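Notes for the one structure printed next.
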There are 2 protein chains.
Amino acid sequence: MASTNIDLALVQSFVDKHRTTSRPIVLVTSGGTTVPLEKNTVRFIDNFSTGQRGAASVEYFLERNYIVLFFHRLSSTLPYQRHLKSIFDESQSEQSYHLDQYHKFQASLLLIPFQTVTDYLTGLEQLCSLLKSFKRSALIYACAAVSDYYIPNDELTEHKIPSGQNELIIRLKPVPKLLGSIKGEYAPEAFVVSFKLETDEKILEEKCLQSADKYNQDVIIGNMLKTRANQVRIYERSDKLWTTINRMPEKEIEYQIIELLSEKHRIYQMHMN
Amino acid sequence: MASTNIDLALVQSFVDKHRTTSRPIVLVTSGGTTVPLEKNTVRFIDNFSTGQRGAASVEYFLERNYIVLFFHRLSSTLPYQRHLKSIFDESQSEQSYHLDQYHKFQASLLLIPFQTVTDYLTGLEQLCSLLKSFKRSALIYACAAVSDYYIPNDELTEHKIPSGQNELIIRLKPVPKLLGSIKGEYAPEAFVVSFKLETDEKILEEKCLQSADKYNQDVIIGNMLKTRANQVRIYERSDKLWTTINRMPEKEIEYQIIELLSEKHRIYQMHMN
């Protein structure tokens with residue numbers, strides 16, 4: 001499990017190619033980050049995240065004319081690809097529709113993989129900084145499940161933790177919170193959206209408000225682990241407004257989330273740009 | 001990340017269907033097990049394992065006339081499927097060959113997924129016990145990367161570990177070692193092969209010998225994290241014999257591993273069956 005480095009020249013040239021258009025640009029982060037427990041990594045802590053929400057959102061952003069940087073966990077769900085059946089599934093129909101959609105939008109989509117939480121943090125700063133010059137046309141849509149705790153590199157053991165001990169104690173430090181640095185430093189004018197996933201409904205709203213206070217996102221989307229495909233609670237910091245979205249039949253909930261966000265972002269761009 | 005239960009009736013009927021033939025049967029375990037850190041699992045510890053070795057081995061076992069139970073980590077590499085390109089890759093040729101191979105062998109292959117280390121341990125006992133009646137015709141090929149430490153269910157917290165603490169300390173207990181129970185209890189006459197993965201070359205041989213002493217496998221395959229696709233060291237307990245396999249050009253190393261093992265297993269079946 002090697003760490004990944006972003007090919008910044010490639011990203012820069014992709015971004016530059018689209019700079020002259022008036023289209024909005026979105027950075028979608030997706031999937032879980034890993035926390036290596038050894039330098040020669042055999043064991044790592046992972047966050048539950050299929051990357052399904054990020055991959056679905058990318059498709060709806062593309063349909064709404066966005067240019068998309070998809071910063072995703074290596075091997076997590078990919079847009080379009082997610083609809084394709086496995087060879088163990090006999091029905092291969094409908095695949096051509098999604099393949100056509102991919103070909104239609106592929107020039108507007110750049111895939112950028114990450115693996116460890118350290119890769120993610122480095123990449124987030126680099127990519128947001130690249131989007132700074134897009135000012136209010138940039139949207140940062142952070143739905144990656146970022147680890148809260150990790151082992152800093154200088155505290156990692158070199159080799160695989162030996163088996164056969166009576167107990168294994170792992171000491172983790174808090175991961176630096178870079179979310180606040182997006183509005184504070186990397187891309188101050190970007191429209192910033194982040195997600196908050198909880199398993200205890202009672203604390204969801206409070207956690208969203210605490211996060212908004214701390215990191216200054218424009219929008220926070222709260223969701224529960226068990227119902228995240230069917231309901232989200234959206235908080236807009238400027239208006240202190242809560243909106244609940246319930247999934248409509250025959251549409252993924254990401255369709256409605258992106259519909260609402262792209263409208264909010266359109267209005268946001270009309271002010272002082 | 002729900003835990004998985006094996007559909008034992010399905011496995012039983014698959015096994016029964018092949019019982020009358022004189023073909024050998026192999027249980028291949030593959031991929032890493034997870035260790036949930038919460039009951040409503042958001043975070044878990046994972047082992048690095050793509051499942052590549054297990055998936056490749058399945059194909060070579062099928063070519064050597066084995067019936068295969070593939071007990072694999074959900075979403076890990078699948079036989080045949082692993083050769084198929086993503087839609088992001090433009091070259092779609094050669095796919096039909098692998099699809100044909102799959103269709104040729106699919107009646108001899110059963111896919112059984114697992115997720116957590118607890119699922120794995122329960123399933124290993126159930127599946128080995130099902131193979132007991134195959135006596136010396138059964139081969140257990142354990143290449144799953146099983147967690148060494150876990151949090152027992154009664155020590156798990158209900159909800160997501162809160163962020164924002166200065167330090168997080170995780171206490172893990174050793175996972176019960178069931179490998180020894182295969183020869184000792186579940187399927188005493190089966191030919192048992194297991195893998196030992198290390199990152200420190202100096203201790204690899206010693207670790208294999210210790211494992212053989214403890215768990216009575218017939219064959220132990222030692223491999224290094226960095227060179228595991230190019231070299232393995234194979235130890236046969238009965239003859240105290242080491243064999244080194246270096247990958248040949250244009251063949252996966254699993255081809256040679258299965259060639260050697262199926263020959264050893266053939267000889268093993270000739271004795272006292």
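Following the order of the structure tokens, chains are lettered A, B, ..., residues in each are numbered from 1, and ligands are numbered from 1.
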I'd like the neighbourhood of Arg247 in chain A as a PDB file with C-alpha atoms, in the first residue's frame, where a residue qualifies if any of its atoms comes within 8 Å (using only C-alpha atoms), though same-chain residues fewer than 5 positions away should be ignored.
```
ATOM      1  CA  ALA A 229     -28.990   6.963   0.847  1.00  0.00           C
ATOM      2  CA  ASN A 230     -32.501   8.175   1.714  1.00  0.00           C
ATOM      3  CA  GLN A 231     -32.230  11.334   3.800  1.00  0.00           C
ATOM      4  CA  GLU A 252     -30.643   8.831  -6.354  1.00  0.00           C
ATOM      5  CA  ILE A 253     -30.600  11.337  -3.487  1.00  0.00           C
ATOM      6  CA  GLN A 256     -31.446  16.358  -5.450  1.00  0.00           C
TER       7      GLN A 256
END
```
Practice item. Report the residues of range 57-253 of chain B whose backbone DSSP state falls under alpha helix (DSSP H), written as a count of residues only. Key: 52
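Summary of the local environment: counting only C-alpha atoms, residues at most 10 Å from range 182-184 of chain A, other than itself and those fewer than 2 positions away along its chain, are Leu124, Glu125, Cys128, Ser129, Lys132, Ile140, Leu178, Leu179, Gly180, Tyr186, Ala187, Pro188, Glu189, Ala190, Phe191, Val192, Tyr215, Asn216, Gln217 and Asp218 of chain A.
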**Study point:** DSSP strand (DSSP E or B) residues within range 152-222 of chain A, as number ranges by chain
**Key:** A: 157, 168-174, 191-198, 219-222
Exercise for review: Show me which bits of chain A are within 9 Å of chain B, counting only C-alpha atoms, as a PyMOL selection string.
Suggested key: chain A and resi 1+35+40-49+80-81+84+86-88+99+102+147-150+159-160+162-174+198-200+225
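Going from CA of Ala144 in chain B over to CA of Gly123 in chain B, you cover 12.4 Å.
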Practice item. Check the smallest atom-to-atom distance from each of B:Pro152, B:Gly222, B:Pro79, B:Gly54 to Glu254 in chain B using only C-alpha atoms, then report the winner. Key: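 Checking each of B:Pro152, B:Gly222, B:Pro79, B:Gly54 against Glu254 in chain B, counting only C-alpha atoms, the winner is B:Gly54.
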Check your understanding: Quick one: distance from CA of Lys135 in chain A to CA of Thr116 in chain A in Å, one decimal?
Key -> 28.6 Å
Check your understanding: Which one is closest to Gln210 in chain A: A:Arg237, A:Thr227, A:Ser108, A:Phe114? Count only C-alpha atoms.
Key ->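 Comparing A:Arg237, A:Thr227, A:Ser108, A:Phe114 against Gln210 in chain A, the winner is A:Arg237.
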Write out as CSV a residue-level contact list of range 75-170 of chain A versus range 14-28 of chain A with cut-off 7 Å: for each qualifying residue the closest pair of atoms and the distance in Å to one decimal, counting only C-alpha atoms, rows sorted by chain and residue number upward.
```
residue,atom,partner,partner_atom,distance
A:Ser137,CA,A:Pro24,CA,4.8
A:Ala138,CA,A:Ile25,CA,5.0
A:Leu139,CA,A:Val26,CA,4.6
A:Ile140,CA,A:Leu27,CA,4.9
A:Tyr141,CA,A:Val28,CA,4.8
A:Ala142,CA,A:Val28,CA,5.9
```
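Note that the spacing between CA of Glu205 in chain A and CA of Leu260 in chain A amounts to 19.4 Å.
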**Study point:** All residues 8 Å or closer to Thr243 in chain A, only C-alpha atoms, same chain fewer than 4 positions away omitted, as a list in words
**Key:**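 Contacts, with the query itself left out: Arg233, Ile234 and Tyr235 of chain A.
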Point to revise | Within 8 Å of Phe105 in chain B using only C-alpha atoms, minus same-chain residues under 4 positions, as a list of chain:residue names | key: B:Leu62, B:Gln101, B:Leu109
Once you have the residues from the selection above, write them out as a PDB file, in the first residue's frame, restricted to all heavy atoms.
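Printed below is part-v7.pdb as written:
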```
ATOM      1  N   LEU B  62      -8.702 -24.540 -10.976  1.00  0.00           N
ATOM      2  CA  LEU B  62      -9.764 -24.983 -11.881  1.00  0.00           C
ATOM      3  C   LEU B  62      -9.170 -25.667 -13.113  1.00  0.00           C
ATOM      4  O   LEU B  62      -9.674 -26.697 -13.567  1.00  0.00           O
ATOM      5  CB  LEU B  62     -10.649 -23.792 -12.278  1.00  0.00           C
ATOM      6  CG  LEU B  62     -11.590 -23.282 -11.162  1.00  0.00           C
ATOM      7  CD1 LEU B  62     -12.170 -21.911 -11.517  1.00  0.00           C
ATOM      8  CD2 LEU B  62     -12.723 -24.272 -10.889  1.00  0.00           C
ATOM      9  N   GLN B 101     -13.254 -18.394 -20.424  1.00  0.00           N
ATOM     10  CA  GLN B 101     -12.676 -19.253 -19.389  1.00  0.00           C
ATOM     11  C   GLN B 101     -13.625 -19.344 -18.191  1.00  0.00           C
ATOM     12  O   GLN B 101     -13.817 -20.402 -17.609  1.00  0.00           O
ATOM     13  CB  GLN B 101     -11.323 -18.689 -18.909  1.00  0.00           C
ATOM     14  CG  GLN B 101     -10.197 -18.859 -19.894  1.00  0.00           C
ATOM     15  CD  GLN B 101      -9.822 -20.336 -20.062  1.00  0.00           C
ATOM     16  OE1 GLN B 101     -10.228 -20.973 -21.033  1.00  0.00           O
ATOM     17  NE2 GLN B 101      -9.068 -20.874 -19.117  1.00  0.00           N
ATOM     18  N   LEU B 109     -17.072 -23.663  -9.558  1.00  0.00           N
ATOM     19  CA  LEU B 109     -16.605 -22.572  -8.685  1.00  0.00           C
ATOM     20  C   LEU B 109     -17.764 -21.992  -7.884  1.00  0.00           C
ATOM     21  O   LEU B 109     -18.797 -21.634  -8.440  1.00  0.00           O
ATOM     22  CB  LEU B 109     -15.986 -21.466  -9.561  1.00  0.00           C
ATOM     23  CG  LEU B 109     -15.602 -20.142  -8.899  1.00  0.00           C
ATOM     24  CD1 LEU B 109     -14.523 -20.344  -7.836  1.00  0.00           C
ATOM     25  CD2 LEU B 109     -15.120 -19.141  -9.949  1.00  0.00           C
TER      26      LEU B 109
END
```
**Study point:** Residue with smallest distance to Thr157 in chain A - pool A:Glu38, A:Glu206, A:Ile245, A:Tyr97, counting only C-alpha atoms
**Key:**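 Using only C-alpha atoms, the shortest distance to Thr157 in chain A belongs to A:Glu38.
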